[in-house]
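Dropping data26.tsv in here (TSV, C-alpha atoms and all ligand atoms):
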```
chain	number	residue	atom	x	y	z
X	17	MET	CA	27.79	-0.13	4.02
X	18	ALA	CA	25.94	2.45	1.93
X	19	HIS	CA	22.56	1.51	0.49
X	20	ASN	CA	21.62	2.52	-3.05
X	21	VAL	CA	18.02	3.68	-3.17
X	22	THR	CA	16.04	5.03	-6.13
X	23	LEU	CA	14.00	8.08	-5.10
X	24	LEU	CA	11.07	9.14	-7.28
X	25	PRO	CA	9.73	12.47	-5.95
X	26	GLY	CA	6.63	12.23	-8.17
X	27	ASP	CA	3.93	14.83	-8.81
X	28	GLY	CA	1.94	17.44	-6.91
X	29	ILE	CA	2.95	17.42	-3.23
X	30	GLY	CA	5.33	14.49	-3.92
X	31	PRO	CA	8.55	16.58	-4.15
X	32	GLU	CA	7.68	18.36	-0.87
X	33	VAL	CA	6.89	15.27	1.21
X	34	THR	CA	9.79	13.24	-0.21
X	35	SER	CA	12.22	16.11	0.45
X	36	ALA	CA	11.18	16.14	4.14
X	37	MET	CA	11.51	12.33	4.19
X	38	ARG	CA	15.00	12.39	2.69
X	39	LYS	CA	16.22	14.95	5.24
X	40	CYS	CA	14.89	12.84	8.13
X	41	VAL	CA	16.30	9.54	6.80
X	42	ASP	CA	19.70	11.22	6.34
X	43	ALA	CA	19.42	12.56	9.90
X	44	THR	CA	19.23	8.97	11.22
X	45	GLY	CA	22.85	8.59	10.05
X	46	VAL	CA	22.12	5.67	7.72
X	47	ASP	CA	24.33	5.95	4.66
X	48	ILE	CA	22.11	6.13	1.57
X	49	ASN	CA	23.10	6.99	-2.02
X	50	TRP	CA	19.88	8.50	-3.35
X	51	GLU	CA	19.41	8.10	-7.09
X	52	VAL	CA	16.77	10.77	-7.76
X	53	LEU	CA	14.75	10.33	-10.97
X	54	GLU	CA	11.72	12.05	-12.46
X	55	VAL	CA	8.56	10.17	-13.32
X	56	GLY	CA	5.01	11.36	-14.01
X	57	GLU	CA	4.30	14.90	-15.21
X	58	HIS	CA	7.92	16.14	-14.91
X	59	SER	CA	9.25	13.24	-16.96
X	60	MET	CA	6.45	13.70	-19.49
X	61	LYS	CA	7.79	17.17	-20.27
X	62	GLU	CA	11.41	16.04	-20.56
X	63	HIS	CA	11.16	12.53	-22.03
X	64	GLY	CA	7.69	12.44	-23.59
X	65	THR	CA	6.71	9.53	-21.33
X	66	PRO	CA	5.69	9.48	-17.66
X	67	MET	CA	7.68	6.29	-17.13
X	68	PRO	CA	11.07	6.22	-18.95
X	69	ASP	CA	12.96	2.90	-19.14
X	70	HIS	CA	15.93	4.20	-17.14
X	71	VAL	CA	13.66	4.47	-14.07
X	72	LEU	CA	12.84	0.76	-14.18
X	73	ASP	CA	16.54	-0.02	-14.81
X	74	SER	CA	17.52	2.00	-11.73
X	75	ILE	CA	14.97	0.28	-9.48
X	76	ARG	CA	15.96	-3.16	-10.77
X	77	LYS	CA	19.62	-2.35	-10.10
X	78	ASN	CA	19.12	-0.85	-6.63
X	79	LYS	CA	16.33	-3.27	-5.62
X	80	VAL	CA	14.88	-0.66	-3.25
X	81	ALA	CA	12.93	2.47	-4.16
X	82	ILE	CA	10.78	5.06	-2.42
X	83	LYS	CA	8.38	7.33	-4.23
X	84	GLY	CA	5.96	10.20	-3.86
X	85	PRO	CA	2.52	10.02	-5.44
X	86	ILE	CA	2.24	10.10	-9.23
X	87	VAL	CA	-0.69	11.58	-11.14
X	88	THR	CA	-2.72	9.28	-13.34
X	89	PRO	CA	-3.93	11.67	-16.07
X	90	VAL	CA	-7.55	11.06	-16.99
X	91	GLY	CA	-8.38	10.63	-20.66
X	92	THR	CA	-4.84	10.97	-22.13
X	93	GLY	CA	-4.34	7.33	-23.04
X	94	PHE	CA	-1.42	6.97	-20.60
X	95	ARG	CA	-1.57	4.01	-18.29
X	96	SER	CA	-1.10	4.58	-14.59
X	97	VAL	CA	2.62	4.75	-13.75
X	98	ASN	CA	1.78	3.16	-10.41
X	99	VAL	CA	0.15	0.14	-12.05
X	100	LEU	CA	3.00	-0.06	-14.58
X	101	LEU	CA	5.62	-0.11	-11.80
X	102	ARG	CA	3.75	-2.88	-9.95
X	103	GLN	CA	3.38	-4.97	-13.10
X	104	GLU	CA	6.86	-4.42	-14.59
X	105	LEU	CA	8.60	-5.12	-11.28
X	106	ASP	CA	6.22	-7.94	-10.29
X	107	LEU	CA	5.44	-6.29	-6.97
X	108	PHE	CA	2.88	-8.86	-5.93
X	109	ALA	CA	2.37	-7.81	-2.30
X	110	CYS	CA	0.86	-4.49	-1.29
X	111	VAL	CA	1.66	-4.01	2.38
X	112	ARG	CA	-0.36	-1.46	4.35
X	113	PRO	CA	0.30	-0.98	8.08
X	114	SER	CA	-2.29	0.93	10.14
X	115	LYS	CA	-1.21	1.94	13.62
X	116	CYS	CA	-2.55	4.40	16.19
X	117	TYR	CA	-0.17	7.24	17.07
X	118	GLU	CA	-1.00	9.60	19.91
X	119	GLY	CA	-1.84	13.06	18.59
X	120	THR	CA	-3.73	11.84	15.53
X	121	LYS	CA	-7.51	11.74	15.23
X	122	THR	CA	-8.21	8.03	15.57
X	123	LYS	CA	-11.49	6.14	15.77
X	124	ALA	CA	-9.97	3.45	18.01
X	125	ASP	CA	-7.13	3.30	20.59
X	126	LYS	CA	-5.20	0.12	20.04
X	127	VAL	CA	-4.94	-0.52	16.32
X	128	ASP	CA	-1.73	-2.08	15.04
X	129	ILE	CA	-2.61	-3.99	11.88
X	130	VAL	CA	-0.52	-4.90	8.83
X	131	LEU	CA	-2.57	-5.76	5.77
X	132	PHE	CA	-1.16	-7.82	2.88
X	133	ARG	CA	-3.10	-7.28	-0.34
X	134	GLU	CA	-2.47	-9.49	-3.38
X	135	ASN	CA	-1.52	-7.03	-6.11
X	136	THR	CA	-1.75	-8.86	-9.43
X	137	GLU	CA	-5.04	-10.75	-9.77
X	138	ASP	CA	-8.72	-10.68	-8.87
X	139	LEU	CA	-11.12	-8.15	-10.42
X	140	TYR	CA	-8.13	-5.77	-10.64
X	141	ALA	CA	-6.35	-7.92	-13.24
X	142	GLY	CA	-7.68	-5.54	-15.90
X	143	ILE	CA	-9.43	-8.24	-17.94
X	144	GLU	CA	-12.64	-6.47	-18.88
X	145	PHE	CA	-15.10	-6.55	-21.76
X	146	GLU	CA	-17.13	-3.48	-22.63
X	147	GLN	CA	-20.91	-3.81	-22.67
X	148	GLY	CA	-22.16	-4.22	-26.23
X	149	SER	CA	-18.71	-4.94	-27.76
X	150	ASP	CA	-18.29	-7.95	-30.08
X	151	GLU	CA	-15.91	-9.61	-27.61
X	152	CYS	CA	-18.31	-9.11	-24.73
X	153	LEU	CA	-21.29	-10.54	-26.65
X	154	LYS	CA	-19.14	-13.47	-27.76
X	155	ILE	CA	-18.13	-14.26	-24.18
X	156	ILE	CA	-21.72	-13.97	-22.92
X	157	LYS	CA	-22.86	-16.38	-25.62
X	158	GLU	CA	-20.06	-18.81	-24.79
X	159	ILE	CA	-20.77	-18.75	-21.04
X	160	ASN	CA	-24.54	-19.00	-21.49
X	161	GLY	CA	-23.93	-22.05	-23.64
X	162	ILE	CA	-22.05	-23.97	-20.95
X	163	GLN	CA	-24.05	-23.31	-17.78
X	164	LYS	CA	-27.56	-22.71	-16.51
X	165	ARG	CA	-27.50	-19.22	-15.02
X	166	GLN	CA	-27.79	-16.84	-17.94
X	167	ILE	CA	-25.94	-13.52	-18.26
X	168	LYS	CA	-28.05	-10.73	-19.75
X	169	ASP	CA	-27.08	-9.58	-23.28
X	170	ASP	CA	-26.66	-5.99	-22.10
X	171	ALA	CA	-24.07	-6.84	-19.39
X	172	GLY	CA	-20.44	-5.70	-19.21
X	173	ILE	CA	-17.94	-8.28	-17.95
X	174	SER	CA	-14.95	-8.13	-15.57
X	175	ILE	CA	-12.99	-11.32	-14.94
X	176	LYS	CA	-11.81	-12.42	-11.48
X	177	PRO	CA	-8.80	-14.73	-11.79
X	178	ILE	CA	-7.31	-16.20	-8.58
X	179	SER	CA	-4.45	-18.67	-9.04
X	180	ILE	CA	-2.79	-21.21	-6.75
X	181	SER	CA	0.67	-19.76	-7.41
X	182	ALA	CA	-0.27	-16.12	-6.67
X	183	THR	CA	-2.22	-17.19	-3.56
X	184	LYS	CA	0.67	-19.22	-2.20
X	185	ARG	CA	3.23	-16.45	-2.63
X	186	ILE	CA	1.12	-13.71	-0.98
X	187	VAL	CA	0.15	-15.89	1.98
X	188	LYS	CA	3.74	-17.03	2.43
X	189	ALA	CA	4.92	-13.40	2.27
X	190	ALA	CA	2.41	-12.43	4.98
X	191	CYS	CA	3.48	-15.31	7.27
X	192	GLU	CA	7.20	-14.63	6.75
X	193	TYR	CA	6.62	-10.95	7.52
X	194	ALA	CA	4.69	-11.86	10.67
X	195	ILE	CA	7.55	-13.98	11.95
X	196	LYS	CA	10.29	-11.47	11.06
X	197	ASN	CA	8.38	-8.67	12.75
X	198	ASN	CA	7.38	-10.56	15.92
X	199	ARG	CA	3.71	-10.61	15.02
X	200	LYS	CA	1.50	-13.22	16.65
X	201	LYS	CA	-1.52	-13.82	14.42
X	202	VAL	CA	-2.28	-14.02	10.68
X	203	THR	CA	-5.88	-13.92	9.43
X	204	ILE	CA	-6.72	-14.95	5.88
X	205	VAL	CA	-9.71	-13.02	4.52
X	206	HIS	CA	-12.11	-14.23	1.81
X	207	LYS	CA	-15.68	-14.67	0.60
X	208	ALA	CA	-15.28	-18.40	-0.02
X	209	ASN	CA	-18.87	-19.17	0.96
X	210	ILE	CA	-20.09	-17.41	-2.20
X	211	MET	CA	-17.17	-17.49	-4.69
X	212	LYS	CA	-16.15	-21.09	-4.21
X	213	TYR	CA	-13.78	-21.42	-7.16
X	214	THR	CA	-11.84	-18.17	-6.66
X	215	ASP	CA	-12.04	-17.14	-3.01
X	216	GLY	CA	-12.56	-20.81	-2.13
X	217	LEU	CA	-9.27	-21.59	-3.85
X	218	PHE	CA	-7.57	-18.65	-2.12
X	219	LEU	CA	-8.74	-19.96	1.27
X	220	LYS	CA	-7.85	-23.60	0.61
X	221	GLU	CA	-4.38	-22.95	-0.80
X	222	GLY	CA	-3.70	-20.17	1.69
X	223	MET	CA	-4.60	-22.41	4.64
X	224	GLU	CA	-2.32	-25.08	3.24
X	225	ILE	CA	0.60	-22.63	3.34
X	226	MET	CA	-0.38	-21.27	6.76
X	227	LYS	CA	-0.38	-24.76	8.30
X	228	ALA	CA	3.40	-24.79	8.02
X	229	TYR	CA	3.49	-21.78	10.39
X	230	GLU	CA	1.03	-23.13	12.98
X	231	ASP	CA	3.74	-23.70	15.60
X	232	LYS	CA	4.91	-20.07	15.38
X	233	LEU	CA	1.73	-18.13	14.59
X	234	ILE	CA	-1.96	-18.14	15.46
X	235	ILE	CA	-3.77	-18.86	12.19
X	236	ARG	CA	-7.31	-17.59	11.59
X	237	GLU	CA	-9.71	-17.16	8.68
X	238	CYS	CA	-12.49	-14.58	8.35
X	239	ILE	CA	-15.17	-13.72	5.79
X	240	VAL	CA	-14.60	-10.21	4.50
X	241	ASP	CA	-17.96	-8.69	5.47
X	242	ASN	CA	-17.65	-10.08	9.00
X	243	LEU	CA	-14.08	-8.73	9.12
X	244	CYS	CA	-15.28	-5.19	8.28
X	245	MET	CA	-17.75	-5.25	11.16
X	246	GLN	CA	-15.21	-6.66	13.61
X	247	LEU	CA	-12.57	-4.15	12.53
X	248	VAL	CA	-14.91	-1.33	13.52
X	249	GLN	CA	-15.99	-3.01	16.79
X	250	ARG	CA	-12.72	-4.50	18.04
X	251	PRO	CA	-9.78	-3.71	15.76
X	252	ASP	CA	-7.29	-4.70	18.49
X	253	HIS	CA	-8.19	-8.37	17.84
X	254	PHE	CA	-6.41	-8.27	14.49
X	255	ASP	CA	-2.70	-8.39	13.72
X	256	VAL	CA	-1.59	-9.40	10.18
X	257	LEU	CA	-4.32	-9.74	7.52
X	258	VAL	CA	-3.89	-11.31	4.07
X	259	MET	CA	-6.49	-11.09	1.30
X	260	PRO	CA	-7.16	-10.88	-2.44
X	261	ASN	CA	-6.78	-7.62	-4.36
X	262	LEU	CA	-10.26	-6.06	-4.26
X	263	TYR	CA	-10.96	-6.70	-0.56
X	264	GLY	CA	-7.44	-5.44	0.18
X	265	ASP	CA	-8.18	-2.17	-1.57
X	266	LEU	CA	-11.33	-1.58	0.46
X	267	VAL	CA	-10.24	-2.94	3.84
X	268	SER	CA	-6.90	-1.10	3.80
X	269	ASP	CA	-8.73	2.22	3.48
X	270	LEU	CA	-11.07	1.18	6.30
X	271	CYS	CA	-8.00	0.50	8.46
X	272	ALA	CA	-6.44	3.85	7.43
X	273	GLY	CA	-9.70	5.55	8.46
X	274	LEU	CA	-9.52	3.90	11.89
X	275	VAL	CA	-6.11	5.40	12.62
X	276	GLY	CA	-6.45	8.93	11.28
X	277	GLY	CA	-6.73	8.86	7.50
X	278	LEU	CA	-4.53	9.00	4.44
X	279	GLY	CA	-2.16	11.72	5.67
X	280	ILE	CA	-0.50	9.19	7.98
X	281	ALA	CA	-0.94	5.91	6.01
X	282	PRO	CA	2.31	4.36	4.74
X	283	GLY	CA	2.61	1.58	2.18
X	284	ALA	CA	4.98	-0.79	0.41
X	285	ASN	CA	4.80	-2.85	-2.76
X	286	ILE	CA	7.01	-5.89	-2.49
X	287	GLY	CA	8.16	-8.55	-4.93
X	288	ASP	CA	10.76	-11.31	-4.81
X	289	GLU	CA	13.46	-8.99	-6.18
X	290	VAL	CA	12.39	-5.42	-5.56
X	291	ALA	CA	10.63	-3.37	-2.87
X	292	LEU	CA	8.99	-0.01	-3.53
X	293	PHE	CA	7.80	2.16	-0.64
X	294	GLU	CA	5.22	4.94	-0.94
X	295	PRO	CA	2.58	6.88	0.97
X	296	VAL	CA	-0.95	5.74	0.31
X	297	HIS	CA	-2.26	9.21	-0.51
X	298	GLY	CA	-2.25	10.80	-3.96
X	299	SER	CA	-0.59	13.95	-5.29
X	300	ALA	CA	-3.19	16.34	-3.76
X	301	PRO	CA	-2.74	18.69	-6.75
X	302	LYS	CA	-4.64	21.59	-5.17
X	303	TYR	CA	-1.93	21.83	-2.49
X	304	ALA	CA	1.08	21.38	-4.81
X	305	GLY	CA	3.90	23.85	-4.20
X	306	GLN	CA	2.31	25.21	-1.00
X	307	ASP	CA	4.59	23.36	1.45
X	308	LYS	CA	1.46	22.58	3.44
X	309	CYS	CA	0.80	18.84	3.40
X	310	ASN	CA	1.55	16.18	5.94
X	311	PRO	CA	4.84	14.28	5.35
X	312	THR	CA	3.99	11.57	7.95
X	313	ALA	CA	2.78	8.91	5.48
X	314	THR	CA	6.01	9.25	3.47
X	315	LEU	CA	8.13	9.23	6.64
X	316	LEU	CA	6.41	6.08	7.93
X	317	SER	CA	6.97	4.53	4.47
X	318	ALA	CA	10.66	5.32	5.00
X	319	VAL	CA	10.47	3.54	8.37
X	320	LEU	CA	9.24	0.45	6.49
X	321	MET	CA	12.07	0.89	3.99
X	322	LEU	CA	14.70	1.11	6.74
X	323	ARG	CA	13.34	-2.08	8.32
X	324	HIS	CA	13.51	-3.76	4.91
X	325	LEU	CA	17.15	-2.63	4.62
X	326	ARG	CA	17.70	-4.17	8.08
X	327	GLU	CA	18.49	-0.73	9.54
X	328	THR	CA	16.32	-1.58	12.53
X	329	ASP	CA	17.83	0.92	14.95
X	330	ALA	CA	17.41	3.82	12.49
X	331	ALA	CA	13.85	2.67	11.73
X	332	ASP	CA	12.97	2.58	15.44
X	333	ARG	CA	14.49	6.01	16.03
X	334	LEU	CA	12.76	7.58	13.04
X	335	GLU	CA	9.39	6.10	14.06
X	336	ALA	CA	9.91	7.34	17.64
X	337	ALA	CA	10.77	10.84	16.35
X	338	VAL	CA	7.61	10.96	14.20
X	339	GLN	CA	5.62	9.66	17.15
X	340	ALA	CA	7.04	12.34	19.50
X	341	VAL	CA	6.23	15.20	17.11
X	342	LEU	CA	2.69	13.88	16.55
X	343	LYS	CA	2.16	13.53	20.30
X	344	GLU	CA	3.38	17.07	21.06
X	345	GLY	CA	1.01	18.34	18.36
X	346	LYS	CA	2.96	21.60	18.01
X	347	HIS	CA	4.95	21.27	14.81
X	348	VAL	CA	2.30	19.44	12.82
X	349	THR	CA	0.58	20.26	9.53
X	350	TYR	CA	-2.94	21.72	9.21
X	351	ASP	CA	-4.68	18.35	8.80
X	352	LEU	CA	-3.50	17.24	12.26
X	353	LYS	CA	-4.71	20.39	14.01
X	354	GLU	CA	-8.07	20.46	15.80
X	355	ASP	CA	-9.04	23.40	13.58
X	356	ARG	CA	-7.82	22.93	9.98
X	357	GLU	CA	-7.63	26.75	9.64
X	358	ASP	CA	-5.27	27.00	12.65
X	359	SER	CA	-2.64	29.56	11.59
X	360	SER	CA	-0.03	27.95	13.88
X	361	ALA	CA	0.03	24.81	11.68
X	362	ALA	CA	3.53	23.82	10.57
X	363	THR	CA	4.57	23.65	6.92
X	364	THR	CA	5.74	20.34	5.46
X	365	THR	CA	9.35	21.55	5.84
X	366	GLN	CA	8.84	22.68	9.44
X	367	MET	CA	7.28	19.38	10.47
X	368	GLY	CA	10.15	17.50	8.79
X	369	ASP	CA	12.69	19.73	10.56
X	370	ALA	CA	11.01	19.14	13.95
X	371	ILE	CA	11.34	15.39	13.37
X	372	CYS	CA	15.02	15.80	12.37
X	373	GLU	CA	15.61	17.71	15.64
X	374	LYS	CA	14.36	14.69	17.61
X	375	LEU	CA	16.93	12.51	15.84
X	376	LYS	CA	19.89	14.57	17.03
M	401	LIG	P1	-5.28	12.61	-2.98
M	401	LIG	O1	-4.85	11.64	-1.93
M	401	LIG	O2	-4.21	13.21	-3.79
M	401	LIG	O3	-6.02	13.83	-2.29
M	401	LIG	C1	-7.30	13.81	-1.70
M	401	LIG	C2	-7.30	14.81	-0.54
M	401	LIG	O4	-6.67	14.20	0.59
M	401	LIG	C3	-6.47	16.09	-0.77
M	401	LIG	O5	-7.19	17.09	-1.43
M	401	LIG	C4	-6.12	16.49	0.64
M	401	LIG	O6	-7.20	17.17	1.22
M	401	LIG	C5	-5.95	15.15	1.33
M	401	LIG	N1	-4.53	14.74	1.39
M	401	LIG	C6	-3.90	13.83	0.61
M	401	LIG	N2	-2.63	13.69	0.98
M	401	LIG	C7	-2.45	14.53	2.04
M	401	LIG	C8	-1.34	14.85	2.86
M	401	LIG	N3	-0.14	14.27	2.71
M	401	LIG	N4	-1.51	15.78	3.82
M	401	LIG	C9	-2.69	16.36	4.01
M	401	LIG	N5	-3.78	16.12	3.28
M	401	LIG	C10	-3.67	15.21	2.30
M	401	LIG	O7	-6.37	11.87	-3.88
M	401	LIG	P2	-6.97	12.26	-5.30
M	401	LIG	O8	-7.32	13.73	-5.29
M	401	LIG	O9	-8.00	11.26	-5.55
M	401	LIG	O10	-5.80	12.00	-6.34
M	401	LIG	C11	-4.98	13.05	-6.91
M	401	LIG	C12	-4.01	12.43	-7.91
M	401	LIG	O11	-3.15	11.50	-7.23
M	401	LIG	C13	-4.68	11.63	-9.04
M	401	LIG	O12	-4.03	11.89	-10.24
M	401	LIG	C14	-4.47	10.18	-8.64
M	401	LIG	O13	-4.40	9.34	-9.76
M	401	LIG	C15	-3.12	10.26	-7.95
M	401	LIG	N6	-2.89	9.17	-6.97
M	401	LIG	C16	-1.68	8.61	-6.96
M	401	LIG	C17	-1.38	7.61	-6.05
M	401	LIG	C18	0.00	7.00	-6.05
M	401	LIG	O14	0.91	7.56	-6.65
M	401	LIG	N7	0.21	5.87	-5.40
M	401	LIG	C19	-2.34	7.20	-5.11
M	401	LIG	C20	-3.58	7.82	-5.13
M	401	LIG	C21	-3.86	8.81	-6.07
```

Would you mind giving the structure from this file in structure tokens?
Amino acid sequence: MAHNVTLLPGDGIGPEVTSAMRKCVDATGVDINWEVLEVGEHSMKEHGTPMPDHVLDSIRKNKVAIKGPIVTPVGTGFRSVNVLLRQELDLFACVRPSKCYEGTKTKADKVDIVLFRENTEDLYAGIEFEQGSDECLKIIKEINGIQKRQIKDDAGISIKPISISATKRIVKAACEYAIKNNRKKVTIVHKANIMKYTDGLFLKEGMEIMKAYEDKLIIRECIVDNLCMQLVQRPDHFDVLVMPNLYGDLVSDLCAGLVGGLGIAPGANIGDEVALFEPVHGSAPKYAGQDKCNPTATLLSAVLMLRHLRETDAADRLEAAVQAVLKEGKHVTYDLKEDREDSSAATTTQMGDAICEKLK
């Protein structure tokens, strides 16, 4: 049966890396009807908005989407399309796998971690009060009136909400993923020793959910600063990680750094209804139109998408093809070469074509 998938090429290098991805996914033989729609700068020109309603309608209808990076213009008043997509589609889980592939410049040998980051709450909820504003002064006065530790009058305020419901759904999603993907261990990450009412709640409610999986999974908890040290010293001890938004942002980049950087880091944003797959990197505007950048992160995002669509065989074959091309090190882009100026580096198209060849 054909799958309907919304494809958003995006900005900068987005059209180049998603074009290579589409060719490779088609080469697996999986039948996909691609509904290709413009967002970001291209849509801005045509529709006067970087995020037209018909894009959301398409994703809601198809339930699965894959996208290239989208520019967040600074100082134009437009909200980030990426944040808008996550909020409008209630994509509460940001899933970031980090795995070592031979042929990439890794800091460790045996990393195979999948990080679940809560996407909707924490200091990223966007509830902020500007220093000196009436609202901010009012809140400071209110808080100073109800407890002993006083906030200085010249402070700015960001709020960190963590709820039982959002905690339960992200921890459950991580455990379900672990079981479906034959993972052995889930570690819940927090700073509950200091932030007792937010991270403490995350830990308590998360552990409650995890208990139901104790017969199938090894359940662990870890304080975030300790986790960072251990990830550098012995990353092979970790499997699936689940954590609140801010730590997820930081730790997922640490994990990406361990396995070779953003050029090869895939991602997914998952909700109850919809799943949106995307590379972690941005639009790299200085390389736009040069057919130069690494399509691996987008291809590995497509591998995640194929697994989500239950096209396991195609996902395995595509991942193996990417792996083989990385290992050979011949048809790879400049960032994967020992010398970044190496004139034998492949273009985005050539690397994509080499991967397609392996799928024949
Ligand atoms: P970026 O990831 O676009 O680029 C930083 C540098 O990383 C590039 O100059 C390049 O050297 C390298 N790089 C990135 N992707 C690469 C690839 N595939 N192959 C080889 N090298 C690669 O980060 P930035 O410059 O901070 O952001 C540029 C724009 O992208 C901004 O407008 C930002 O808002 C947007 N952005 C979008 C997303 C998204 O759509 N999810 C994510 C991050 C940034």

Quiz item: Between CA of Ile86 in chain X and atom N1 of ligand LIG 401 (chain M), what is the spacing in Å?
Solution: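 Going from atom N1 of ligand LIG 401 (chain M) over to CA of Ile86 in chain X, I get 13.4 Å.
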
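Selecting all polymer residues at most 6 Å from ligand LIG 401 (chain M), using only C-alpha atoms and all ligand atoms, gives Pro85, Ile86, Val87, Thr88, Pro89, Asn98, Gly279, Val296, His297, Gly298, Ser299, Ala300, Cys309, Asn310, Pro311 and Asp351 of chain X.
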
Quiz item: Expressed in Å to a single decimal, how great is the separation between CA of Gly45 in chain X and CA of His324 in chain X?
Solution: 16.3 Å

Quiz prompt | Nearest residue to Gly273 in chain X from the set X:Leu24, X:Val127, X:Ala340, X:Val90 (distances using only C-alpha atoms) | solution = X:Val127

Practice problem: Find the residue from X:Ile371, X:Met67, X:Ala194, X:Val80 that sits nearest to Asn20 in chain X; use all atoms listed in the file when measuring. | Solution: X:Val80

Quiz item: Taking only C-alpha atoms into account, which of X:Leu274, X:Ala337, X:Ala141, X:Val290 comes nearest Lys126 in chain X?
Solution: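 Under the stated criterion, the closest residue is X:Leu274.
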
Self-check item: For range 69-73 of chain X: contacts at 10 Å, only C-alpha atoms, fewer than 6 positions along chain excluded, given as a VMD selection string
Solution: chain X and resid 22 to 24 51 to 55 79 100 to 101 104 to 105

Self-check item: Separation of CA of Ser96 in chain X from CA of Val111 in chain X in Å
Solution: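 Distance reported for this atom pair: 19.2 Å.
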
Quiz item: Around (4.3, 25.4, -2.2) in the file's own coordinates, what residues are found within 12 Å if you use only C-alpha atoms, given back as JSON, numbers by chain?
Solution: {"X": [28, 29, 30, 31, 32, 33, 300, 301, 302, 303, 304, 305, 306, 307, 308, 309, 363, 364, 365]}

Self-check item: Distance query range 185-189 of chain X at most 10 Å, all atoms listed in the file, self and fewer than 2 positions along chain excluded, as JSON, numbers by chain
Solution: {"X": [108, 109, 110, 111, 132, 133, 134, 135, 180, 181, 182, 183, 191, 192, 193, 194, 202, 203, 204, 218, 219, 221, 222, 223, 224, 225, 226, 228, 229, 257, 258, 259, 260, 286, 287, 288]}

Could you write out that same residue set with C-alpha atoms as an mmCIF file, in the frame of the given file?
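Result file follows (part.cif):
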```cif
data_model
loop_
_atom_site.group_PDB
_atom_site.id
_atom_site.type_symbol
_atom_site.label_atom_id
_atom_site.label_comp_id
_atom_site.auth_asym_id
_atom_site.auth_seq_id
_atom_site.Cartn_x
_atom_site.Cartn_y
_atom_site.Cartn_z
ATOM 1 C CA PHE X 108 2.880 -8.860 -5.930
ATOM 2 C CA ALA X 109 2.370 -7.810 -2.300
ATOM 3 C CA CYS X 110 0.860 -4.490 -1.290
ATOM 4 C CA VAL X 111 1.660 -4.010 2.380
ATOM 5 C CA PHE X 132 -1.160 -7.820 2.880
ATOM 6 C CA ARG X 133 -3.100 -7.280 -0.340
ATOM 7 C CA GLU X 134 -2.470 -9.490 -3.380
ATOM 8 C CA ASN X 135 -1.520 -7.030 -6.110
ATOM 9 C CA ILE X 180 -2.790 -21.210 -6.750
ATOM 10 C CA SER X 181 0.670 -19.760 -7.410
ATOM 11 C CA ALA X 182 -0.270 -16.120 -6.670
ATOM 12 C CA THR X 183 -2.220 -17.190 -3.560
ATOM 13 C CA CYS X 191 3.480 -15.310 7.270
ATOM 14 C CA GLU X 192 7.200 -14.630 6.750
ATOM 15 C CA TYR X 193 6.620 -10.950 7.520
ATOM 16 C CA ALA X 194 4.690 -11.860 10.670
ATOM 17 C CA VAL X 202 -2.280 -14.020 10.680
ATOM 18 C CA THR X 203 -5.880 -13.920 9.430
ATOM 19 C CA ILE X 204 -6.720 -14.950 5.880
ATOM 20 C CA PHE X 218 -7.570 -18.650 -2.120
ATOM 21 C CA LEU X 219 -8.740 -19.960 1.270
ATOM 22 C CA GLU X 221 -4.380 -22.950 -0.800
ATOM 23 C CA GLY X 222 -3.700 -20.170 1.690
ATOM 24 C CA MET X 223 -4.600 -22.410 4.640
ATOM 25 C CA GLU X 224 -2.320 -25.080 3.240
ATOM 26 C CA ILE X 225 0.600 -22.630 3.340
ATOM 27 C CA MET X 226 -0.380 -21.270 6.760
ATOM 28 C CA ALA X 228 3.400 -24.790 8.020
ATOM 29 C CA TYR X 229 3.490 -21.780 10.390
ATOM 30 C CA LEU X 257 -4.320 -9.740 7.520
ATOM 31 C CA VAL X 258 -3.890 -11.310 4.070
ATOM 32 C CA MET X 259 -6.490 -11.090 1.300
ATOM 33 C CA PRO X 260 -7.160 -10.880 -2.440
ATOM 34 C CA ILE X 286 7.010 -5.890 -2.490
ATOM 35 C CA GLY X 287 8.160 -8.550 -4.930
ATOM 36 C CA ASP X 288 10.760 -11.310 -4.810
#
```

Quiz item: Hey, can you pull every residue with an atom no more than 12 Å from (-7.9, 10.7, 10.6), using all atoms listed in the file, and send it as a ChimeraX atom specification?
Solution: /X:114-124,269-281,310,313,351-354

Quiz prompt | Pick from X:Val130, X:Lys200, X:Glu146, X:Met245, whichever lies nearest to Pro282 in chain X using only C-alpha atoms | solution = X:Val130

Let me have the centre and edge lengths in Å, one decimal, of the box along x, y and z around every listed atom of range 76-81 of chain X with 8 Å of margin on each side, as JSON.
```
{"center_x": 16.3, "center_y": -0.4, "center_z": -7.0, "size_x": 22.7, "size_y": 21.7, "size_z": 23.5}
```

Quiz prompt | Option closest in space to Asp329 in chain X, from X:Val46, X:Ile143, X:Leu315, X:Val205 [counting all atoms listed in the file] | solution =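 The answer is X:Val46, which sits nearest to Asp329 in chain X.
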